[in-house]
Amino acid sequence: MRLIVFVLSLMSATQIYAQQFELPITAISTDAALDNAIPGLAQQIMAVYVENDRDTYLNNLFRLQLAAGLYSQAVTTLSELHALKSSGGGSDLDIVPYEIYAKARLAESDNKSAFKDAYAEAFRAIVGNYDDITAAKLNDTIGSPREPYGPRLEEMQADLKDAVARQKNDNTIKLNDALDLVGKYEAARSFASYYLLTDSLVAEDDQRRYLVEDNILVPTPDGASIATLVMRPRHASAPATTLLGFTIYANPVWAEEETRITAAHGYAAVVAYTRGKDASPQDPVPLEHDGADADAVINWISKQPWSDGRVGMYGGSYNGFTQWAAAKHLPVALKALMPSVTMAPGIDWPREGNVHMNFVYSWLPYTMSNKTLDQKNYDDNARWDRLNKTWYTTGQAYRKLDQIDGSTNPVFQRWMDHPDYDAYWQSMIPYHQEFANINIPVLTTTGYYDGGQIGALHYFMEHYKYNAHAEHYLVIGPYNHIGAQRSAWNVLRGYSIDPVARIDIGWKLRYQWFDHVFRGAPMPDLIRDKVNYEVMGANVWKHAPSIDAMSNEKLRFHLSSVKAGGGYRLTTHKPADNSYITQKVDFTDRSNIDESGPSLIIDKSVDSRNAVIFTSDPLQHPIEVSGLFSGMLDFRTNKKDMDFNVTLYERLPDGRYFQLSWYMARASYVKDRSHRQLLLPGKRQKLTFTNGRTTSRLFETGSQLVAVLSINKQSTMQINYGSGKNVNDETITDAGAPLRINWYSDSYLDIPVAN
């Protein structure tokens, strides 16, 4: 009998999902028409809607009820959903904004009160009932009109517009599309009604919980002033340890979010900005003063009556760089670091392998043009695409990128004046023996797909190179630049990451780490050795004493000249002959202006632009590839220099490609990033390299290793014409004859394998 009921329920659900609901095209032709149509559509769906998964059912149901104006029913459904999520151990914070909104609408209709007043009353009753940590997370979830990375409402409205656009060709709508449309409509509608009210209510809640001091100007020894925000637990009974975020990203919402969650954990919370940002009267200058200025802020903190004399630093990207910049100065009060996705000036920013990347240029006006952030221009993709294409098609010197954009940028020009990793760059972060003096605990986090991984690993490896007794831990997994400093993205560029990798770094691991260092709490469970890494495809975390120890064997693959498919064989046997592959690249040909490579981690093809592709035989059994790949390139070329890439993929048995890791470098700097050593045209020569990015992936039986060896020639990064001049000053007139390379078959890649 139960089986029959189950089958009938499945049949019923299947029929409902195939059902069409009325939605005339005229009903979605304008915003006003959509407002009139959505309640009726929601009513149609509710009349027949069933769902086997209770969580999914309730999530859809309360949105339908809100859209239909059934606020009392929505409150009841939300209450049931709260209980369901709590019993399952999940978070229910994402539905609290809807709960506040529903209760406000209900009070508005029942009491005939203004929505503004009803919303404030519901907000205070609900948010005020949470503890400090939960309230801090909730206030971030609710949102603000001063979003740090672009207006949330505009994103919601864009999503709704896309959902509406999909219905243009029919007068009916399927259930899945209808649920999506109603959900996006309700998200945008509800948020639009309350988001302008949230700032004052959150500030009111903060005042009840914390002591807040903004726009404090901290003096530096050279006469500058650093703008600072301080937030402390209001009812603290003793001086507290301080956690400091030091950043150029002067956005008050981000600063408030970070100080709020830190103060909620019982620490004194400080965010300080690069000189020239926020209330600081100087002109903004990135990178150059941050170490000394952070040192001044740390010393200032240690002297405050609310400080216990101990400071920890945290944050990602630029905020990770400032931690190492401060540590270079060895502040006495600085006791711990947690840098994430950390940039290393001159090493991975504004260039990688001494090759400049165009997207970094747009970052300069973003951070320098005003006291906060020039978000509007930074998001102007048409402007930056136009700049890239103009530079690329005209073949002007890279140094003129700022002038092509319209004005000279002094910081960009200083970068152009220092193509080597020289004293200019070395002065910004610890250099060589300076790492030996850093004896405080450090936790670094980064991701396999993080653009800042090279910088993060540079600090980690240099620290241990010069200080064998360092207490430095690494956590790395399938994360991008955002996920490795905040929360993991469950789906990253089309790849659904393993469940064990779905961790919260910014608001969970961070405080576990600092509680361990400053309060004697246990070490976070994830950290069991110096290197802690997730093996993609195996759904498991592993732990090793070093990056080298991630593997216990290296498989050597030679870049043979034996043709295979559209490319060549990657073979474990060293070719006996002296064969080679000839590659040609014409730098004067700009017909590829609109070409781009695949963007997904798992994709149908590889990036084959100006490339030679090598593919191994299918694997006879699963193999775990973990660590830094390295190699030797044996070649002859007609140029004095070249910029090249080596990218690794796993070719899955179904023919798709899984991107693993990549190495990019200017050949003349492979041996030493501090001193350029030009190639010898016409002479056979060798380059030995080790990648700065690590990876970990369990290959399937039947998979193949694919290596793509390519030459840089595209509109999004610097072009090396091979003349031997400073590449920043080369123009297309320096290109001369096409680049010609003979890649000899004893070139090889060493792939780290764990058995």
# chains A, B, ... in the order shown; residues from 1 in each chain; ligands from 1
>>> residues_around(residues="stretch 700-703 of chain A", least_positions_apart="4", cutoff="12 Å", atoms="only C-alpha atoms", output="MDAnalysis selection string")
chainID A and resid 536:538 615:625 649:658
>>> select_by_dssp(residues="stretch 550-617 of chain A", states="strand (DSSP E)", output="number ranges by chain")
A: 553-564, 567-571, 580-585, 602-603, 611-615
>>> write_last_selection(atoms="C-alpha atoms", output="PDB file, in the first residue's frame")
ATOM      1  CA  GLU A 553      56.709  10.352  -6.398  1.00  0.00           C
ATOM      2  CA  LYS A 554      57.085  12.314  -9.614  1.00  0.00           C
ATOM      3  CA  LEU A 555      55.945  11.039 -12.982  1.00  0.00           C
ATOM      4  CA  ARG A 556      57.998  12.454 -15.849  1.00  0.00           C
ATOM      5  CA  PHE A 557      56.190  13.101 -19.120  1.00  0.00           C
ATOM      6  CA  HIS A 558      58.117  14.132 -22.237  1.00  0.00           C
ATOM      7  CA  LEU A 559      56.750  16.516 -24.850  1.00  0.00           C
ATOM      8  CA  SER A 560      57.198  14.216 -27.813  1.00  0.00           C
ATOM      9  CA  SER A 561      56.854  15.105 -31.497  1.00  0.00           C
ATOM     10  CA  VAL A 562      54.638  12.076 -32.159  1.00  0.00           C
ATOM     11  CA  LYS A 563      51.304  13.281 -33.444  1.00  0.00           C
ATOM     12  CA  ALA A 564      48.167  12.291 -31.565  1.00  0.00           C
ATOM     13  CA  GLY A 567      48.209  17.544 -31.050  1.00  0.00           C
ATOM     14  CA  TYR A 568      51.099  15.440 -29.843  1.00  0.00           C
ATOM     15  CA  ARG A 569      51.775  12.628 -27.387  1.00  0.00           C
ATOM     16  CA  LEU A 570      52.759  13.224 -23.803  1.00  0.00           C
ATOM     17  CA  THR A 571      54.849  10.144 -23.096  1.00  0.00           C
ATOM     18  CA  TYR A 580      61.236  18.726 -32.289  1.00  0.00           C
ATOM     19  CA  ILE A 581      57.986  20.569 -32.936  1.00  0.00           C
ATOM     20  CA  THR A 582      58.063  23.955 -34.637  1.00  0.00           C
ATOM     21  CA  GLN A 583      55.708  26.654 -33.415  1.00  0.00           C
ATOM     22  CA  LYS A 584      55.206  30.062 -35.049  1.00  0.00           C
ATOM     23  CA  VAL A 585      53.474  33.141 -33.636  1.00  0.00           C
ATOM     24  CA  ILE A 602      35.228  21.480 -16.468  1.00  0.00           C
ATOM     25  CA  ASP A 603      34.793  22.424 -20.116  1.00  0.00           C
ATOM     26  CA  ALA A 611      49.408  26.669 -28.308  1.00  0.00           C
ATOM     27  CA  VAL A 612      50.784  23.180 -28.780  1.00  0.00           C
ATOM     28  CA  ILE A 613      48.766  20.437 -27.057  1.00  0.00           C
ATOM     29  CA  PHE A 614      50.191  17.206 -25.613  1.00  0.00           C
ATOM     30  CA  THR A 615      48.041  14.288 -24.411  1.00  0.00           C
TER      31      THR A 615
END
>>> residues_around(residues="A:Asn59", least_positions_apart="2", cutoff="9 Å", atoms="only C-alpha atoms", output="list in words")
Arg54, Asp55, Thr56, Tyr57, Leu61, Phe62, Arg63, Thr77, Leu78, Leu81 and Ile95 of chain A
>>> residues_around(residues="stretch 363-365 of chain A", least_positions_apart="5", cutoff="12 Å", atoms="only C-alpha atoms", output="ChimeraX atom specification")
/A:248-249,284-287,318,349-350,357-358,370-380,384,401-402,405-413,415
>>> closest_residue(among="A:Lys465, A:Lys508, A:Arg609, A:Lys328", to="A:Gln485", atoms="only C-alpha atoms")
A:Lys508
>>> closest_residue(among="A:Trp513, A:Trp324, A:Tyr361, A:Tyr392", to="A:Phe460", atoms="only C-alpha atoms")
A:Trp324
>>> residues_around(residues="A:Ala667", least_positions_apart="2", cutoff="9 Å", atoms="only C-alpha atoms", output="list in words")
Gly353, Asp641, Met642, Asp643, Phe644, Ala665, Tyr669, Val670, Lys671, Arg676, Gln677, Leu678, Leu679 and Leu687 of chain A
>>> write_last_selection(atoms="N, CA, C and O atoms", output="compact mmCIF listing (two decimals), in the first residue's frame")
# COMPACT_ATOMS: atom_id res chain seq x y z
N GLY A 353 54.93 36.15 -13.01
CA GLY A 353 56.08 35.72 -13.79
C GLY A 353 56.71 36.87 -14.54
O GLY A 353 57.26 36.68 -15.63
N ASP A 641 63.56 36.86 -26.23
CA ASP A 641 62.70 36.64 -25.06
C ASP A 641 61.33 36.17 -25.55
O ASP A 641 60.99 36.29 -26.73
N MET A 642 60.53 35.63 -24.62
CA MET A 642 59.17 35.22 -24.91
C MET A 642 58.43 35.01 -23.60
O MET A 642 59.03 34.72 -22.57
N ASP A 643 57.11 35.18 -23.64
CA ASP A 643 56.25 34.91 -22.49
C ASP A 643 55.44 33.66 -22.80
O ASP A 643 54.79 33.58 -23.86
N PHE A 644 55.47 32.69 -21.91
CA PHE A 644 54.83 31.41 -22.21
C PHE A 644 54.00 30.91 -21.03
O PHE A 644 54.16 31.36 -19.88
N ALA A 665 55.18 32.64 -17.30
CA ALA A 665 56.44 33.32 -16.99
C ALA A 665 57.01 34.00 -18.22
O ALA A 665 56.73 33.63 -19.37
N TYR A 669 63.16 35.81 -17.09
CA TYR A 669 63.14 35.92 -15.63
C TYR A 669 62.92 34.57 -14.94
O TYR A 669 62.78 34.54 -13.72
N VAL A 670 62.87 33.49 -15.68
CA VAL A 670 62.59 32.19 -15.07
C VAL A 670 63.68 31.83 -14.05
O VAL A 670 63.39 31.33 -12.96
N LYS A 671 64.93 32.09 -14.36
CA LYS A 671 66.02 31.74 -13.45
C LYS A 671 66.08 32.67 -12.24
O LYS A 671 66.46 32.25 -11.15
N ARG A 676 67.15 40.12 -15.26
CA ARG A 676 66.75 39.62 -16.57
C ARG A 676 67.94 38.98 -17.29
O ARG A 676 69.03 39.56 -17.34
N GLN A 677 67.72 37.80 -17.84
CA GLN A 677 68.74 37.09 -18.60
C GLN A 677 68.14 36.72 -19.96
O GLN A 677 67.35 35.77 -20.06
N LEU A 678 68.52 37.47 -20.97
CA LEU A 678 67.92 37.30 -22.28
C LEU A 678 68.30 35.96 -22.90
O LEU A 678 69.35 35.38 -22.60
N LEU A 679 67.42 35.47 -23.78
CA LEU A 679 67.70 34.26 -24.53
C LEU A 679 68.72 34.55 -25.63
O LEU A 679 68.96 35.70 -26.00
N LEU A 687 65.32 25.82 -20.11
CA LEU A 687 64.76 26.53 -18.96
C LEU A 687 64.14 25.50 -18.01
O LEU A 687 63.31 24.69 -18.43
>>> residues_around(residues="A:Glu730", least_positions_apart="5", cutoff="7 Å", atoms="only C-alpha atoms", output="list in words")
Ala397, Tyr721 and Lys725 of chain A
>>> write_last_selection(atoms="all heavy atoms", output="mmCIF file, in the first residue's frame")
data_model
loop_
_atom_site.group_PDB
_atom_site.id
_atom_site.type_symbol
_atom_site.label_atom_id
_atom_site.label_comp_id
_atom_site.auth_asym_id
_atom_site.auth_seq_id
_atom_site.Cartn_x
_atom_site.Cartn_y
_atom_site.Cartn_z
ATOM 1 N N ALA A 397 53.097 50.942 -26.846
ATOM 2 C CA ALA A 397 53.857 50.428 -25.712
ATOM 3 C C ALA A 397 52.938 50.212 -24.519
ATOM 4 O O ALA A 397 51.986 50.972 -24.297
ATOM 5 C CB ALA A 397 54.974 51.400 -25.342
ATOM 6 N N TYR A 721 57.522 41.147 -27.374
ATOM 7 C CA TYR A 721 57.844 41.002 -28.794
ATOM 8 C C TYR A 721 59.198 40.339 -29.039
ATOM 9 O O TYR A 721 59.530 40.018 -30.177
ATOM 10 C CB TYR A 721 57.814 42.367 -29.475
ATOM 11 C CG TYR A 721 56.429 42.973 -29.533
ATOM 12 C CD1 TYR A 721 56.054 43.976 -28.648
ATOM 13 C CD2 TYR A 721 55.494 42.533 -30.464
ATOM 14 C CE1 TYR A 721 54.782 44.536 -28.691
ATOM 15 C CE2 TYR A 721 54.218 43.084 -30.517
ATOM 16 C CZ TYR A 721 53.864 44.083 -29.623
ATOM 17 O OH TYR A 721 52.598 44.627 -29.666
ATOM 18 N N LYS A 725 64.408 44.617 -25.653
ATOM 19 C CA LYS A 725 64.189 45.882 -24.963
ATOM 20 C C LYS A 725 63.359 45.654 -23.700
ATOM 21 O O LYS A 725 62.794 44.582 -23.491
ATOM 22 C CB LYS A 725 63.437 46.852 -25.878
ATOM 23 C CG LYS A 725 64.159 47.269 -27.143
ATOM 24 C CD LYS A 725 63.259 48.214 -27.945
ATOM 25 C CE LYS A 725 63.890 48.643 -29.244
ATOM 26 N NZ LYS A 725 62.983 49.540 -30.026
#
>>> atom_distance(atom1="atom CA of A:Ser715", atom2="atom CA of A:Asn388")
5.5 Å
>>> residues_around(residues="stretch 270-277 of chain A", least_positions_apart="2", cutoff="8 Å", atoms="only C-alpha atoms", output="PyMOL selection string")
chain A and resi 224-231+242-250+255+258-259+268+279-286+289-290+293-294+297+370-372
>>> write_last_selection(atoms="N, CA, C and O atoms", output="CSV table (one decimal), in the first residue's frame")
chain,number,residue,atom,x,y,z
A,224,ALA,N,51.8,61.5,8.4
A,224,ALA,CA,50.5,61.2,7.8
A,224,ALA,C,49.5,60.8,8.8
A,224,ALA,O,49.8,60.6,10.0
A,225,SER,N,48.2,60.6,8.4
A,225,SER,CA,47.1,60.2,9.3
A,225,SER,C,46.4,59.0,8.7
A,225,SER,O,46.1,59.0,7.5
A,226,ILE,N,46.1,58.0,9.6
A,226,ILE,CA,45.4,56.8,9.1
A,226,ILE,C,44.0,56.8,9.7
A,226,ILE,O,43.9,56.8,10.9
A,227,ALA,N,43.0,56.7,8.8
A,227,ALA,CA,41.6,56.7,9.2
A,227,ALA,C,41.3,55.3,9.8
A,227,ALA,O,41.6,54.2,9.2
A,228,THR,N,40.6,55.3,10.9
A,228,THR,CA,40.4,54.0,11.7
A,228,THR,C,39.0,53.9,12.3
A,228,THR,O,38.5,54.9,12.7
A,229,LEU,N,38.5,52.7,12.2
A,229,LEU,CA,37.2,52.4,12.9
A,229,LEU,C,37.4,51.4,14.0
A,229,LEU,O,38.1,50.4,13.8
A,230,VAL,N,36.9,51.7,15.2
A,230,VAL,CA,37.0,50.8,16.3
A,230,VAL,C,35.6,50.4,16.8
A,230,VAL,O,34.7,51.2,16.9
A,231,MET,N,35.4,49.1,17.0
A,231,MET,CA,34.2,48.6,17.6
A,231,MET,C,34.5,47.6,18.7
A,231,MET,O,35.3,46.6,18.4
A,242,THR,N,43.0,42.6,20.3
A,242,THR,CA,42.5,43.3,19.1
A,242,THR,C,42.8,42.5,17.9
A,242,THR,O,43.9,42.0,17.7
A,243,LEU,N,41.8,42.4,17.0
A,243,LEU,CA,42.0,41.9,15.7
A,243,LEU,C,41.8,43.0,14.7
A,243,LEU,O,40.8,43.8,14.7
A,244,LEU,N,42.8,43.2,13.8
A,244,LEU,CA,43.0,44.3,12.9
A,244,LEU,C,42.9,43.9,11.5
A,244,LEU,O,43.6,43.0,11.0
A,245,GLY,N,42.1,44.6,10.7
A,245,GLY,CA,42.1,44.5,9.3
A,245,GLY,C,42.6,45.8,8.7
A,245,GLY,O,42.0,46.9,9.0
A,246,PHE,N,43.6,45.7,7.9
A,246,PHE,CA,44.2,47.0,7.3
A,246,PHE,C,44.1,46.9,5.8
A,246,PHE,O,44.5,45.9,5.2
A,247,THR,N,43.4,47.9,5.2
A,247,THR,CA,43.0,47.7,3.8
A,247,THR,C,43.0,49.0,3.0
A,247,THR,O,42.9,50.1,3.6
A,248,ILE,N,43.1,48.9,1.7
A,248,ILE,CA,42.9,50.1,0.8
A,248,ILE,C,41.4,50.2,0.4
A,248,ILE,O,41.0,51.2,-0.1
A,249,TYR,N,40.7,49.1,0.7
A,249,TYR,CA,39.3,49.1,0.2
A,249,TYR,C,38.4,49.8,1.2
A,249,TYR,O,37.7,49.2,2.1
A,250,ALA,N,38.3,51.1,1.1
A,250,ALA,CA,37.6,52.0,2.0
A,250,ALA,C,36.1,52.0,1.7
A,250,ALA,O,35.6,52.8,1.0
A,255,ALA,N,33.7,47.5,6.4
A,255,ALA,CA,34.4,47.8,7.7
A,255,ALA,C,33.5,47.4,8.8
A,255,ALA,O,33.9,46.9,9.8
A,258,GLU,N,33.0,43.6,9.2
A,258,GLU,CA,34.2,42.9,9.8
A,258,GLU,C,34.4,43.3,11.3
A,258,GLU,O,34.6,42.4,12.1
A,259,THR,N,34.2,44.5,11.6
A,259,THR,CA,34.4,44.9,13.0
A,259,THR,C,33.2,44.3,13.9
A,259,THR,O,33.4,43.9,15.0
A,268,ALA,N,38.4,43.2,20.6
A,268,ALA,CA,38.3,44.6,20.2
A,268,ALA,C,38.6,44.6,18.7
A,268,ALA,O,39.5,43.9,18.2
A,279,ALA,N,38.9,59.3,5.9
A,279,ALA,CA,39.1,60.6,6.5
A,279,ALA,C,40.6,61.0,6.4
A,279,ALA,O,40.9,62.1,6.9
A,280,SER,N,41.5,60.2,6.0
A,280,SER,CA,42.9,60.5,5.9
A,280,SER,C,43.1,61.7,4.9
A,280,SER,O,42.7,61.6,3.7
A,281,PRO,N,43.8,62.7,5.3
A,281,PRO,CA,43.9,63.9,4.4
A,281,PRO,C,44.9,63.8,3.2
A,281,PRO,O,44.9,64.6,2.3
A,282,GLN,N,45.8,62.7,3.3
A,282,GLN,CA,46.8,62.6,2.2
A,282,GLN,C,46.2,62.1,0.9
A,282,GLN,O,45.0,61.7,0.9
A,283,ASP,N,47.0,62.0,-0.2
A,283,ASP,CA,46.5,61.4,-1.4
A,283,ASP,C,46.7,59.9,-1.3
A,283,ASP,O,47.7,59.4,-0.8
A,284,PRO,N,45.8,59.1,-1.9
A,284,PRO,CA,45.9,57.7,-1.8
A,284,PRO,C,47.1,57.2,-2.6
A,284,PRO,O,47.3,57.6,-3.7
A,285,VAL,N,47.9,56.3,-2.0
A,285,VAL,CA,49.0,55.6,-2.6
A,285,VAL,C,49.0,54.2,-2.2
A,285,VAL,O,49.3,53.9,-1.1
A,286,PRO,N,48.7,53.3,-3.1
A,286,PRO,CA,48.7,51.8,-2.8
A,286,PRO,C,50.1,51.3,-2.6
A,286,PRO,O,51.1,51.8,-3.2
A,289,HIS,N,53.3,52.5,1.4
A,289,HIS,CA,53.4,53.0,2.8
A,289,HIS,C,52.8,52.0,3.8
A,289,HIS,O,52.8,52.3,5.0
A,290,ASP,N,52.1,51.0,3.3
A,290,ASP,CA,51.2,50.2,4.2
A,290,ASP,C,51.9,49.5,5.3
A,290,ASP,O,51.4,49.4,6.4
A,293,ASP,N,52.7,52.1,8.0
A,293,ASP,CA,51.5,52.7,8.5
A,293,ASP,C,50.8,51.7,9.4
A,293,ASP,O,50.2,52.0,10.4
A,294,ALA,N,50.7,50.4,8.9
A,294,ALA,CA,50.1,49.4,9.8
A,294,ALA,C,50.9,49.2,11.1
A,294,ALA,O,50.3,49.0,12.1
A,297,VAL,N,49.7,51.9,13.4
A,297,VAL,CA,48.4,51.6,13.9
A,297,VAL,C,48.5,50.5,15.0
A,297,VAL,O,47.8,50.6,16.1
A,370,ASN,N,39.3,58.4,-5.5
A,370,ASN,CA,38.6,59.2,-4.5
A,370,ASN,C,38.9,58.6,-3.1
A,370,ASN,O,39.8,57.7,-3.0
A,371,LYS,N,38.3,59.0,-2.1
A,371,LYS,CA,38.5,58.6,-0.7
A,371,LYS,C,37.9,57.3,-0.4
A,371,LYS,O,38.3,56.6,0.6
A,372,THR,N,37.0,56.8,-1.2
A,372,THR,CA,36.4,55.5,-1.0
A,372,THR,C,36.8,54.6,-2.1
A,372,THR,O,38.0,54.2,-2.2
